[in-house]
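Since the structure comes first, as C-alpha coordinates, the remarks are kept for the end.
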Amino acid sequence: MTDRLSLGDFLEKELLDETCDLLSRLIQNKCVNPPGDEIKSIKTISDHLKKYGIEAKIYESNPSRGNLVAKISGSDKNHPGLIFGPSHVDVVPVTKPEEWQVDPFSGELKDNHIWGRGAFDMLFMVATQVQAFIQLKKEGFQPKGDLILFIVADEETGGKFGAKWMLDNHPEEVGLYNKEMFAVTESGGIPFAPNRMIFLHGEKGSMWTCLKFKGTPGHGSYPYGSDNAILKSSEAALKLTDYCDNKMPVDTQYIRNLIKGVGINFILRKLITNKFTLPYMLKILKKTDPQMATVMHSLTRMTISPNVIKGGSKTNIIPAEVLLNLDVRTLPGQDFEYVKFHIRRALGSLADEVEINQLLEEGFFVEGTVSPPESLFVDAMNEAVQKEFPDSKLVPMLSMGGTDARFYRMKNVEAYGFALYDPELKLGEIFSMSHGIDEKIGLKTIDLSLKVFYNLAKGFLV
(Lines give C-alpha, C1' and ligand atoms only; values in the text may rest on other atoms or scores of the structure.)
Protein backbone atom coordinates (compact mmCIF):
# COMPACT_ATOMS: atom_id res chain seq x y z
CA MET A 1 0.00 0.00 0.00
CA THR A 2 1.32 3.47 -0.88
CA ASP A 3 1.58 6.36 1.55
CA ARG A 4 -1.46 8.53 2.12
CA LEU A 5 -1.64 12.19 3.04
CA SER A 6 -3.29 12.53 6.46
CA LEU A 7 -3.20 14.68 9.56
CA GLY A 8 -0.97 12.23 11.40
CA ASP A 9 1.59 12.31 8.62
CA PHE A 10 1.89 15.94 7.62
CA LEU A 11 0.19 18.49 9.87
CA GLU A 12 -2.83 18.59 7.61
CA LYS A 13 -4.29 21.86 8.92
CA GLU A 14 -1.06 23.76 8.30
CA LEU A 15 -0.93 22.42 4.76
CA LEU A 16 -4.58 23.32 4.13
CA ASP A 17 -4.05 26.84 5.50
CA GLU A 18 -1.12 27.37 3.18
CA THR A 19 -3.13 26.11 0.20
CA CYS A 20 -6.00 28.46 1.04
CA ASP A 21 -3.61 31.39 1.42
CA LEU A 22 -2.16 30.71 -2.04
CA LEU A 23 -5.66 30.41 -3.51
CA SER A 24 -6.69 33.75 -1.99
CA ARG A 25 -3.62 35.48 -3.43
CA LEU A 26 -4.33 34.05 -6.89
CA ILE A 27 -7.90 35.39 -6.73
CA GLN A 28 -6.61 38.80 -5.58
CA ASN A 29 -4.27 38.97 -8.59
CA LYS A 30 -7.39 39.51 -10.73
CA CYS A 31 -6.12 37.86 -13.90
CA VAL A 32 -9.30 38.60 -15.85
CA ASN A 33 -9.14 37.41 -19.46
CA PRO A 34 -9.19 39.48 -21.58
CA PRO A 35 -6.58 40.89 -21.19
CA GLY A 36 -5.31 38.16 -18.84
CA ASP A 37 -2.15 39.61 -17.32
CA GLU A 38 -1.49 36.13 -15.95
CA ILE A 39 2.18 36.84 -15.32
CA LYS A 40 1.11 38.18 -11.91
CA SER A 41 -0.14 34.79 -10.76
CA ILE A 42 2.64 32.92 -12.52
CA LYS A 43 5.18 34.96 -10.52
CA THR A 44 3.17 34.43 -7.33
CA ILE A 45 3.41 30.67 -7.85
CA SER A 46 7.09 30.85 -8.84
CA ASP A 47 7.93 32.80 -5.67
CA HIS A 48 5.89 30.36 -3.59
CA LEU A 49 7.82 27.41 -5.04
CA LYS A 50 11.15 29.16 -4.38
CA LYS A 51 10.38 29.23 -0.66
CA TYR A 52 10.82 25.45 -0.77
CA GLY A 53 13.88 25.45 -2.99
CA ILE A 54 11.94 24.61 -6.15
CA GLU A 55 13.04 26.39 -9.30
CA ALA A 56 10.34 26.76 -11.93
CA LYS A 57 10.73 27.95 -15.51
CA ILE A 58 8.52 30.77 -16.76
CA TYR A 59 7.66 31.00 -20.44
CA GLU A 60 6.21 34.30 -21.65
CA SER A 61 4.06 33.80 -24.73
CA ASN A 62 3.25 37.50 -24.98
CA PRO A 63 3.87 40.59 -22.84
CA SER A 64 2.17 39.96 -19.47
CA ARG A 65 1.11 36.41 -20.52
CA GLY A 66 3.06 33.72 -18.70
CA ASN A 67 3.20 29.94 -18.25
CA LEU A 68 5.10 27.94 -15.63
CA VAL A 69 6.72 24.51 -15.55
CA ALA A 70 8.40 22.68 -12.66
CA LYS A 71 9.56 19.09 -12.63
CA ILE A 72 10.52 16.23 -10.33
CA SER A 73 12.49 13.88 -12.56
CA GLY A 74 11.84 10.18 -12.45
CA SER A 75 14.46 7.46 -12.05
CA ASP A 76 13.13 5.18 -14.80
CA LYS A 77 12.93 6.60 -18.33
CA ASN A 78 10.53 3.84 -19.34
CA HIS A 79 8.03 4.51 -16.56
CA PRO A 80 4.90 6.53 -17.41
CA GLY A 81 4.87 10.11 -16.16
CA LEU A 82 2.24 12.41 -14.68
CA ILE A 83 1.37 16.02 -15.48
CA PHE A 84 -0.40 18.19 -12.92
CA GLY A 85 -2.09 20.41 -15.48
CA PRO A 86 -2.44 22.22 -17.74
CA SER A 87 -4.12 24.26 -15.00
CA HIS A 88 -5.05 27.85 -15.81
CA VAL A 89 -4.78 31.02 -13.73
CA ASP A 90 -6.88 33.30 -15.95
CA VAL A 91 -10.48 33.96 -14.96
CA VAL A 92 -13.60 35.29 -16.67
CA PRO A 93 -14.88 38.85 -16.07
CA VAL A 94 -17.36 39.78 -13.34
CA THR A 95 -20.35 41.53 -14.92
CA LYS A 96 -22.43 42.35 -11.82
CA PRO A 97 -20.11 42.80 -8.81
CA GLU A 98 -22.87 44.57 -6.89
CA GLU A 99 -24.82 41.30 -6.74
CA TRP A 100 -22.03 39.45 -4.96
CA GLN A 101 -22.06 38.94 -1.18
CA VAL A 102 -18.33 39.74 -1.07
CA ASP A 103 -15.79 41.59 -3.20
CA PRO A 104 -15.35 39.22 -6.19
CA PHE A 105 -11.57 39.59 -5.99
CA SER A 106 -11.14 39.49 -2.22
CA GLY A 107 -10.34 35.80 -1.87
CA GLU A 108 -12.23 36.02 1.40
CA LEU A 109 -12.67 33.07 3.75
CA LYS A 110 -16.32 32.99 4.77
CA ASP A 111 -18.62 30.15 5.89
CA ASN A 112 -15.87 27.56 5.30
CA HIS A 113 -15.47 28.64 1.67
CA ILE A 114 -12.94 30.72 -0.24
CA TRP A 115 -14.93 33.26 -2.28
CA GLY A 116 -13.99 35.04 -5.48
CA ARG A 117 -13.85 34.91 -9.24
CA GLY A 118 -11.90 31.86 -10.30
CA ALA A 119 -12.14 30.10 -6.91
CA PHE A 120 -14.05 27.24 -8.54
CA ASP A 121 -12.79 27.61 -12.14
CA MET A 122 -10.04 26.63 -11.56
CA LEU A 123 -7.75 28.38 -9.09
CA PHE A 124 -8.46 25.91 -6.30
CA MET A 125 -7.06 23.16 -8.53
CA VAL A 126 -4.00 25.27 -9.31
CA ALA A 127 -3.39 25.82 -5.59
CA THR A 128 -3.92 22.17 -4.63
CA GLN A 129 -1.71 20.84 -7.44
CA VAL A 130 1.03 23.33 -6.53
CA GLN A 131 0.82 22.42 -2.85
CA ALA A 132 0.76 18.66 -3.52
CA PHE A 133 3.85 19.10 -5.73
CA ILE A 134 5.58 21.04 -2.93
CA GLN A 135 4.70 18.42 -0.33
CA LEU A 136 6.11 15.65 -2.49
CA LYS A 137 9.29 17.63 -3.06
CA LYS A 138 9.66 18.40 0.67
CA GLU A 139 9.48 14.68 1.43
CA GLY A 140 12.26 13.93 -1.02
CA PHE A 141 9.86 11.94 -3.19
CA GLN A 142 11.79 9.86 -5.74
CA PRO A 143 9.32 8.82 -8.43
CA LYS A 144 10.05 6.31 -11.15
CA GLY A 145 8.19 8.44 -13.70
CA ASP A 146 8.49 12.20 -14.17
CA LEU A 147 6.10 14.54 -12.36
CA ILE A 148 5.49 17.84 -14.17
CA LEU A 149 3.67 20.85 -12.74
CA PHE A 150 2.23 22.84 -15.66
CA ILE A 151 0.41 26.14 -14.99
CA VAL A 152 -0.90 28.17 -17.92
CA ALA A 153 -2.47 31.38 -19.15
CA ASP A 154 -5.38 31.98 -21.50
CA GLU A 155 -7.65 28.96 -21.12
CA GLU A 156 -10.77 31.11 -20.98
CA THR A 157 -10.27 32.49 -24.50
CA GLY A 158 -8.94 29.38 -26.20
CA GLY A 159 -5.35 28.73 -25.11
CA LYS A 160 -3.55 30.70 -27.82
CA PHE A 161 -1.08 32.11 -25.27
CA GLY A 162 -1.27 29.20 -22.84
CA ALA A 163 -1.46 25.43 -23.24
CA LYS A 164 -1.61 25.45 -27.04
CA TRP A 165 1.36 27.81 -27.29
CA MET A 166 3.41 25.71 -24.86
CA LEU A 167 2.68 22.39 -26.62
CA ASP A 168 3.50 23.96 -29.98
CA ASN A 169 6.64 25.84 -28.90
CA HIS A 170 8.05 23.92 -25.90
CA PRO A 171 6.68 20.38 -26.30
CA GLU A 172 9.45 18.55 -24.46
CA GLU A 173 9.20 20.85 -21.44
CA VAL A 174 5.56 19.83 -20.95
CA GLY A 175 5.87 16.10 -21.42
CA LEU A 176 5.80 15.50 -25.16
CA TYR A 177 8.88 13.34 -25.27
CA ASN A 178 9.36 9.67 -26.01
CA LYS A 179 7.46 8.15 -23.12
CA GLU A 180 3.92 7.64 -21.89
CA MET A 181 2.51 10.69 -20.10
CA PHE A 182 -0.86 11.33 -18.48
CA ALA A 183 -2.36 14.73 -17.65
CA VAL A 184 -4.91 15.72 -15.00
CA THR A 185 -6.71 19.04 -15.24
CA GLU A 186 -10.25 20.37 -14.72
CA SER A 187 -12.49 18.88 -13.53
CA GLY A 188 -13.46 15.60 -11.93
CA GLY A 189 -14.21 13.84 -8.68
CA ILE A 190 -17.67 15.42 -8.89
CA PRO A 191 -20.41 13.61 -6.93
CA PHE A 192 -22.95 12.10 -9.31
CA ALA A 193 -24.69 9.28 -7.46
CA PRO A 194 -24.20 7.56 -4.09
CA ASN A 195 -20.51 6.58 -3.86
CA ARG A 196 -19.97 7.57 -7.50
CA MET A 197 -17.88 10.49 -8.75
CA ILE A 198 -17.50 11.73 -12.30
CA PHE A 199 -14.17 12.07 -14.04
CA LEU A 200 -13.96 13.68 -17.47
CA HIS A 201 -12.42 11.47 -20.15
CA GLY A 202 -13.23 13.74 -23.09
CA GLU A 203 -15.09 16.82 -24.22
CA LYS A 204 -17.49 17.87 -26.89
CA GLY A 205 -16.29 19.93 -29.82
CA SER A 206 -17.09 23.62 -30.02
CA MET A 207 -18.09 24.80 -33.50
CA TRP A 208 -19.65 28.22 -33.16
CA THR A 209 -21.51 28.97 -36.37
CA CYS A 210 -23.02 32.07 -37.98
CA LEU A 211 -26.10 31.92 -40.20
CA LYS A 212 -26.56 34.88 -42.55
CA PHE A 213 -30.06 35.63 -43.82
CA LYS A 214 -30.78 38.11 -46.61
CA GLY A 215 -33.92 40.19 -46.92
CA THR A 216 -35.22 43.08 -49.01
CA PRO A 217 -35.01 46.49 -47.35
CA GLY A 218 -38.16 48.56 -47.26
CA HIS A 219 -40.20 50.94 -45.14
CA GLY A 220 -41.40 49.51 -41.84
CA SER A 221 -44.86 50.96 -42.33
CA TYR A 222 -45.51 48.42 -45.13
CA PRO A 223 -44.71 45.04 -43.50
CA TYR A 224 -47.35 42.93 -45.25
CA GLY A 225 -45.69 40.50 -47.66
CA SER A 226 -42.23 41.93 -46.95
CA ASP A 227 -39.01 39.93 -47.28
CA ASN A 228 -37.89 40.39 -43.66
CA ALA A 229 -34.57 38.79 -42.67
CA ILE A 230 -35.44 38.96 -38.95
CA LEU A 231 -38.50 36.76 -39.51
CA LYS A 232 -36.36 34.23 -41.37
CA SER A 233 -33.78 34.12 -38.59
CA SER A 234 -36.49 33.81 -35.93
CA GLU A 235 -38.11 30.93 -37.76
CA ALA A 236 -34.69 29.32 -38.15
CA ALA A 237 -34.03 29.57 -34.40
CA LEU A 238 -37.29 27.75 -33.65
CA LYS A 239 -36.66 25.06 -36.28
CA LEU A 240 -33.13 24.43 -35.01
CA THR A 241 -34.28 24.12 -31.40
CA ASP A 242 -37.03 21.68 -32.31
CA TYR A 243 -34.65 19.62 -34.46
CA CYS A 244 -32.02 19.49 -31.72
CA ASP A 245 -34.53 18.32 -29.11
CA ASN A 246 -36.56 15.89 -31.20
CA LYS A 247 -34.89 14.90 -34.47
CA MET A 248 -31.11 15.13 -34.03
CA PRO A 249 -29.46 11.68 -34.41
CA VAL A 250 -28.76 10.16 -31.00
CA ASP A 251 -25.52 8.42 -29.98
CA THR A 252 -25.76 6.64 -26.62
CA GLN A 253 -22.15 5.42 -26.24
CA TYR A 254 -21.15 8.21 -23.82
CA ILE A 255 -24.24 7.83 -21.69
CA ARG A 256 -23.62 4.05 -21.63
CA ASN A 257 -20.08 4.68 -20.34
CA LEU A 258 -21.51 6.86 -17.59
CA ILE A 259 -24.47 4.69 -16.60
CA LYS A 260 -22.44 1.45 -16.58
CA GLY A 261 -20.61 2.56 -13.47
CA VAL A 262 -23.71 3.79 -11.62
CA GLY A 263 -25.70 1.32 -9.54
CA ILE A 264 -29.16 1.70 -11.08
CA ASN A 265 -31.53 -1.15 -11.87
CA PHE A 266 -31.32 -3.04 -15.14
CA ILE A 267 -34.64 -1.86 -16.59
CA LEU A 268 -33.97 1.84 -15.94
CA ARG A 269 -30.46 1.50 -17.38
CA LYS A 270 -31.88 -0.04 -20.55
CA LEU A 271 -34.51 2.69 -20.91
CA ILE A 272 -31.94 5.48 -20.57
CA THR A 273 -29.33 3.97 -22.88
CA ASN A 274 -31.69 2.92 -25.68
CA LYS A 275 -31.96 5.62 -28.34
CA PHE A 276 -35.63 4.78 -28.97
CA THR A 277 -36.76 5.06 -25.34
CA LEU A 278 -34.36 7.87 -24.36
CA PRO A 279 -36.67 10.70 -25.63
CA TYR A 280 -39.44 9.52 -23.29
CA MET A 281 -37.02 9.26 -20.37
CA LEU A 282 -35.80 12.81 -21.05
CA LYS A 283 -39.37 14.11 -20.85
CA ILE A 284 -39.83 12.42 -17.48
CA LEU A 285 -36.46 13.65 -16.19
CA LYS A 286 -37.24 17.19 -17.36
CA LYS A 287 -40.02 17.25 -14.76
CA THR A 288 -38.36 15.27 -11.97
CA ASP A 289 -34.68 16.25 -12.35
CA PRO A 290 -34.18 19.07 -14.91
CA GLN A 291 -30.42 19.29 -14.36
CA MET A 292 -29.97 15.58 -15.08
CA ALA A 293 -32.21 15.85 -18.15
CA THR A 294 -29.98 18.60 -19.52
CA VAL A 295 -26.86 16.48 -18.97
CA MET A 296 -28.38 13.38 -20.59
CA HIS A 297 -29.63 15.39 -23.57
CA SER A 298 -26.22 16.97 -24.20
CA LEU A 299 -24.35 13.68 -23.79
CA THR A 300 -26.30 11.99 -26.56
CA ARG A 301 -26.21 14.36 -29.52
CA MET A 302 -24.80 17.42 -31.20
CA THR A 303 -26.52 20.43 -29.62
CA ILE A 304 -27.38 23.74 -31.27
CA SER A 305 -28.23 26.79 -29.18
CA PRO A 306 -29.26 30.00 -31.07
CA ASN A 307 -27.90 32.67 -28.73
CA VAL A 308 -27.30 35.92 -30.66
CA ILE A 309 -29.26 37.76 -33.35
CA LYS A 310 -27.68 40.78 -35.03
CA GLY A 311 -29.59 42.80 -37.58
CA GLY A 312 -31.53 45.89 -38.44
CA SER A 313 -30.36 49.47 -38.47
CA LYS A 314 -33.46 51.54 -37.70
CA THR A 315 -36.91 50.83 -36.32
CA ASN A 316 -38.70 51.94 -39.51
CA ILE A 317 -36.50 49.99 -41.94
CA ILE A 318 -37.13 46.34 -42.83
CA PRO A 319 -33.67 44.74 -42.44
CA ALA A 320 -31.72 43.58 -45.46
CA GLU A 321 -29.46 41.23 -43.50
CA VAL A 322 -29.54 39.40 -40.18
CA LEU A 323 -26.90 37.22 -38.50
CA LEU A 324 -27.91 34.35 -36.20
CA ASN A 325 -25.04 33.02 -34.06
CA LEU A 326 -25.20 29.42 -32.89
CA ASP A 327 -23.31 27.70 -30.09
CA VAL A 328 -22.84 24.26 -31.64
CA ARG A 329 -21.36 21.46 -29.50
CA THR A 330 -20.42 18.26 -31.31
CA LEU A 331 -19.68 14.76 -30.11
CA PRO A 332 -16.16 13.42 -30.85
CA GLY A 333 -15.91 12.45 -34.51
CA GLN A 334 -18.45 15.00 -35.76
CA ASP A 335 -16.93 17.64 -38.08
CA PHE A 336 -18.16 20.87 -39.68
CA GLU A 337 -19.62 19.00 -42.64
CA TYR A 338 -21.79 17.11 -40.17
CA VAL A 339 -22.79 20.44 -38.58
CA LYS A 340 -23.77 22.01 -41.91
CA PHE A 341 -25.68 18.93 -43.03
CA HIS A 342 -27.89 18.93 -39.96
CA ILE A 343 -28.41 22.68 -39.95
CA ARG A 344 -29.69 22.50 -43.53
CA ARG A 345 -31.82 19.49 -42.71
CA ALA A 346 -33.34 21.30 -39.71
CA LEU A 347 -34.10 24.43 -41.73
CA GLY A 348 -35.87 22.60 -44.54
CA SER A 349 -36.99 25.10 -47.21
CA LEU A 350 -35.24 27.91 -45.30
CA ALA A 351 -31.89 26.26 -46.11
CA ASP A 352 -31.96 27.92 -49.53
CA GLU A 353 -32.09 31.32 -47.83
CA VAL A 354 -29.05 30.95 -45.59
CA GLU A 355 -25.28 31.24 -45.74
CA ILE A 356 -23.47 29.08 -43.14
CA ASN A 357 -20.07 30.20 -41.84
CA GLN A 358 -17.67 29.30 -39.06
CA LEU A 359 -17.69 31.93 -36.30
CA LEU A 360 -13.93 31.96 -35.87
CA GLU A 361 -13.53 35.51 -34.62
CA GLU A 362 -15.75 35.05 -31.55
CA GLY A 363 -15.37 31.50 -30.34
CA PHE A 364 -13.41 28.28 -30.30
CA PHE A 365 -13.64 26.02 -33.32
CA VAL A 366 -12.43 22.55 -32.54
CA GLU A 367 -13.63 18.97 -32.84
CA GLY A 368 -14.35 16.89 -29.75
CA THR A 369 -11.58 14.87 -28.13
CA VAL A 370 -11.64 11.74 -26.00
CA SER A 371 -9.33 9.55 -23.92
CA PRO A 372 -10.07 5.93 -22.97
CA PRO A 373 -12.69 5.66 -20.20
CA GLU A 374 -10.91 2.56 -18.89
CA SER A 375 -7.13 2.19 -18.51
CA LEU A 376 -4.39 1.53 -15.97
CA PHE A 377 -4.22 5.26 -15.32
CA VAL A 378 -7.97 5.44 -14.66
CA ASP A 379 -7.42 2.59 -12.20
CA ALA A 380 -4.76 4.71 -10.48
CA MET A 381 -7.18 7.66 -10.21
CA ASN A 382 -9.75 5.31 -8.70
CA GLU A 383 -7.24 4.07 -6.14
CA ALA A 384 -6.39 7.66 -5.16
CA VAL A 385 -10.08 8.43 -4.57
CA GLN A 386 -10.62 5.21 -2.63
CA LYS A 387 -7.94 6.18 -0.13
CA GLU A 388 -10.38 8.85 1.02
CA PHE A 389 -13.67 7.07 0.26
CA PRO A 390 -13.09 3.30 0.14
CA ASP A 391 -16.56 2.48 -1.21
CA SER A 392 -16.47 5.07 -3.99
CA LYS A 393 -15.79 4.66 -7.67
CA LEU A 394 -15.12 7.02 -10.57
CA VAL A 395 -17.44 6.96 -13.58
CA PRO A 396 -16.49 8.47 -16.98
CA MET A 397 -18.30 11.44 -18.46
CA LEU A 398 -17.87 13.70 -21.47
CA SER A 399 -17.48 17.41 -20.71
CA MET A 400 -19.93 19.72 -22.46
CA GLY A 401 -17.47 22.62 -22.37
CA GLY A 402 -13.92 22.94 -23.60
CA THR A 403 -10.75 22.59 -21.51
CA ASP A 404 -7.02 22.66 -22.15
CA ALA A 405 -7.02 18.85 -21.93
CA ARG A 406 -7.90 18.79 -25.63
CA PHE A 407 -4.45 20.04 -26.61
CA TYR A 408 -2.82 16.99 -25.05
CA ARG A 409 -5.37 14.64 -26.57
CA MET A 410 -4.63 16.16 -29.98
CA LYS A 411 -1.00 15.10 -29.39
CA ASN A 412 -2.09 11.54 -28.48
CA VAL A 413 -1.52 12.08 -24.76
CA GLU A 414 -4.28 10.85 -22.47
CA ALA A 415 -5.75 13.69 -20.42
CA TYR A 416 -8.50 13.63 -17.81
CA GLY A 417 -10.55 15.98 -15.70
CA PHE A 418 -9.79 14.92 -12.14
CA ALA A 419 -9.95 16.28 -8.59
CA LEU A 420 -12.10 15.36 -5.57
CA TYR A 421 -15.12 17.38 -4.45
CA ASP A 422 -17.05 17.35 -1.20
CA PRO A 423 -19.42 14.37 -1.70
CA GLU A 424 -22.25 16.31 -0.04
CA LEU A 425 -22.40 18.74 -2.97
CA LYS A 426 -25.21 18.44 -5.49
CA LEU A 427 -24.51 18.31 -9.22
CA GLY A 428 -26.60 21.44 -9.83
CA GLU A 429 -24.67 23.37 -7.16
CA ILE A 430 -21.38 22.51 -8.81
CA PHE A 431 -22.48 23.42 -12.34
CA SER A 432 -23.88 26.77 -11.15
CA MET A 433 -20.57 27.80 -9.56
CA SER A 434 -18.52 28.09 -12.75
CA HIS A 435 -18.53 31.72 -13.97
CA GLY A 436 -21.45 32.48 -11.63
CA ILE A 437 -22.31 35.11 -9.04
CA ASP A 438 -20.81 34.34 -5.59
CA GLU A 439 -18.35 31.83 -7.04
CA LYS A 440 -16.68 29.96 -4.20
CA ILE A 441 -15.06 26.68 -3.22
CA GLY A 442 -15.43 24.78 0.04
CA LEU A 443 -12.54 24.01 2.35
CA LYS A 444 -13.51 20.34 2.26
CA THR A 445 -13.13 20.23 -1.51
CA ILE A 446 -9.76 21.97 -1.26
CA ASP A 447 -8.61 19.48 1.37
CA LEU A 448 -9.83 16.44 -0.58
CA SER A 449 -8.31 17.62 -3.87
CA LEU A 450 -4.97 18.28 -2.22
CA LYS A 451 -4.98 14.73 -0.86
CA VAL A 452 -6.11 13.08 -4.08
CA PHE A 453 -3.38 14.72 -6.19
CA TYR A 454 -0.78 13.72 -3.62
CA ASN A 455 -2.13 10.16 -3.48
CA LEU A 456 -2.29 9.89 -7.28
CA ALA A 457 1.39 10.82 -7.68
CA LYS A 458 2.42 8.50 -4.85
CA GLY A 459 0.45 5.61 -6.29
CA PHE A 460 1.09 6.00 -10.00
CA LEU A 461 4.72 7.08 -10.14
CA VAL A 462 6.29 4.41 -7.91
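By order of appearance in the C-alpha coordinates: chains A, B, ..., then residues from 1 within every chain, and ligands from 1 in the order shown.
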Could you name the residues that touch Lys214 in chain A at 10 Å or less, counting only C-alpha atoms, but leaving out those on the same chain fewer than 3 positions away, as a ChimeraX atom specification?
/A:217,227-230,232-233,319-323,353-355
Expected file contents, prior selection, N, CA and C atoms, as a tab-separated table (two decimals), in the first residue's frame:
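As written to disk, again.tsv reads:
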chain	number	residue	atom	x	y	z
A	217	PRO	N	-34.71	45.31	-48.17
A	217	PRO	CA	-35.01	46.49	-47.35
A	217	PRO	C	-36.25	47.23	-47.85
A	227	ASP	N	-40.08	40.94	-47.35
A	227	ASP	CA	-39.01	39.93	-47.28
A	227	ASP	C	-38.10	40.31	-46.11
A	228	ASN	N	-38.52	39.91	-44.89
A	228	ASN	CA	-37.89	40.39	-43.66
A	228	ASN	C	-36.89	39.35	-43.14
A	229	ALA	N	-35.62	39.73	-43.10
A	229	ALA	CA	-34.57	38.79	-42.67
A	229	ALA	C	-34.69	38.41	-41.20
A	230	ILE	N	-35.25	39.29	-40.36
A	230	ILE	CA	-35.44	38.96	-38.95
A	230	ILE	C	-36.43	37.82	-38.79
A	232	LYS	N	-37.04	35.47	-40.94
A	232	LYS	CA	-36.36	34.23	-41.37
A	232	LYS	C	-35.46	33.69	-40.26
A	233	SER	N	-34.70	34.58	-39.64
A	233	SER	CA	-33.78	34.12	-38.59
A	233	SER	C	-34.55	33.62	-37.38
A	319	PRO	N	-35.11	45.04	-42.29
A	319	PRO	CA	-33.67	44.74	-42.44
A	319	PRO	C	-33.34	43.93	-43.68
A	320	ALA	N	-32.20	44.27	-44.27
A	320	ALA	CA	-31.72	43.58	-45.46
A	320	ALA	C	-30.87	42.36	-45.12
A	321	GLU	N	-30.34	42.33	-43.87
A	321	GLU	CA	-29.46	41.23	-43.50
A	321	GLU	C	-29.52	41.00	-41.99
A	322	VAL	N	-29.55	39.76	-41.60
A	322	VAL	CA	-29.54	39.40	-40.18
A	322	VAL	C	-28.59	38.23	-39.97
A	323	LEU	N	-27.81	38.30	-38.88
A	323	LEU	CA	-26.90	37.22	-38.50
A	323	LEU	C	-27.46	36.50	-37.27
A	353	GLU	N	-32.16	29.89	-48.12
A	353	GLU	CA	-32.09	31.32	-47.83
A	353	GLU	C	-30.90	31.69	-46.95
A	354	VAL	N	-30.06	30.70	-46.61
A	354	VAL	CA	-29.05	30.95	-45.59
A	354	VAL	C	-27.64	30.70	-46.10
A	355	GLU	N	-26.72	31.46	-45.54
A	355	GLU	CA	-25.28	31.24	-45.74
A	355	GLU	C	-24.71	30.79	-44.41
Neighbour list for Asp447 in chain A as an MDAnalysis selection string, cut-off 12 Å, only C-alpha atoms, skip fewer than 4 positions in-chain:
chainID A and resid 5:7 12:20 112:113 124:125 127:129 131:132 388 419:422 441:443 451:454
Tell me, in Å to one decimal, how far CA of His201 in chain A is from CA of Asp245 in chain A.
24.8 Å
Dump as CSV the rows for residues of range 218-255 of chain A within 6 Å of range 292-307 of chain A: closest atom pair and distance in Å with one decimal, only C-alpha atoms counted, ordered by chain and rising residue number.
residue,atom,partner,partner_atom,distance
A:Ala237,CA,A:Pro306,CA,5.8
A:Cys244,CA,A:Thr303,CA,6.0
A:Val250,CA,A:Arg301,CA,5.1
A:Asp251,CA,A:Thr300,CA,5.0
A:Thr252,CA,A:Thr300,CA,5.4
Print the selection's residues with N, CA and C atoms to a file, as a CSV table (one decimal), in the first residue's frame.
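selection27.csv was written with the following content:
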chain,number,residue,atom,x,y,z
A,237,ALA,N,-34.4,29.9,-35.8
A,237,ALA,CA,-34.0,29.6,-34.4
A,237,ALA,C,-35.0,28.5,-33.8
A,244,CYS,N,-33.0,19.9,-32.7
A,244,CYS,CA,-32.0,19.5,-31.7
A,244,CYS,C,-32.7,18.6,-30.6
A,250,VAL,N,-29.2,10.4,-32.4
A,250,VAL,CA,-28.8,10.2,-31.0
A,250,VAL,C,-27.7,9.1,-31.0
A,251,ASP,N,-26.6,9.4,-30.2
A,251,ASP,CA,-25.5,8.4,-30.0
A,251,ASP,C,-25.4,8.2,-28.5
A,252,THR,N,-25.7,6.9,-28.1
A,252,THR,CA,-25.8,6.6,-26.6
A,252,THR,C,-24.5,6.1,-26.0
Nearest to Pro63 in chain A by atom-to-atom distance, counting only C-alpha atoms, from A:Met122, A:Pro93, A:Gly333, A:Phe161:
A:Phe161
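CA of Val89 in chain A lies 9.6 Å from CA of Asn33 in chain A.
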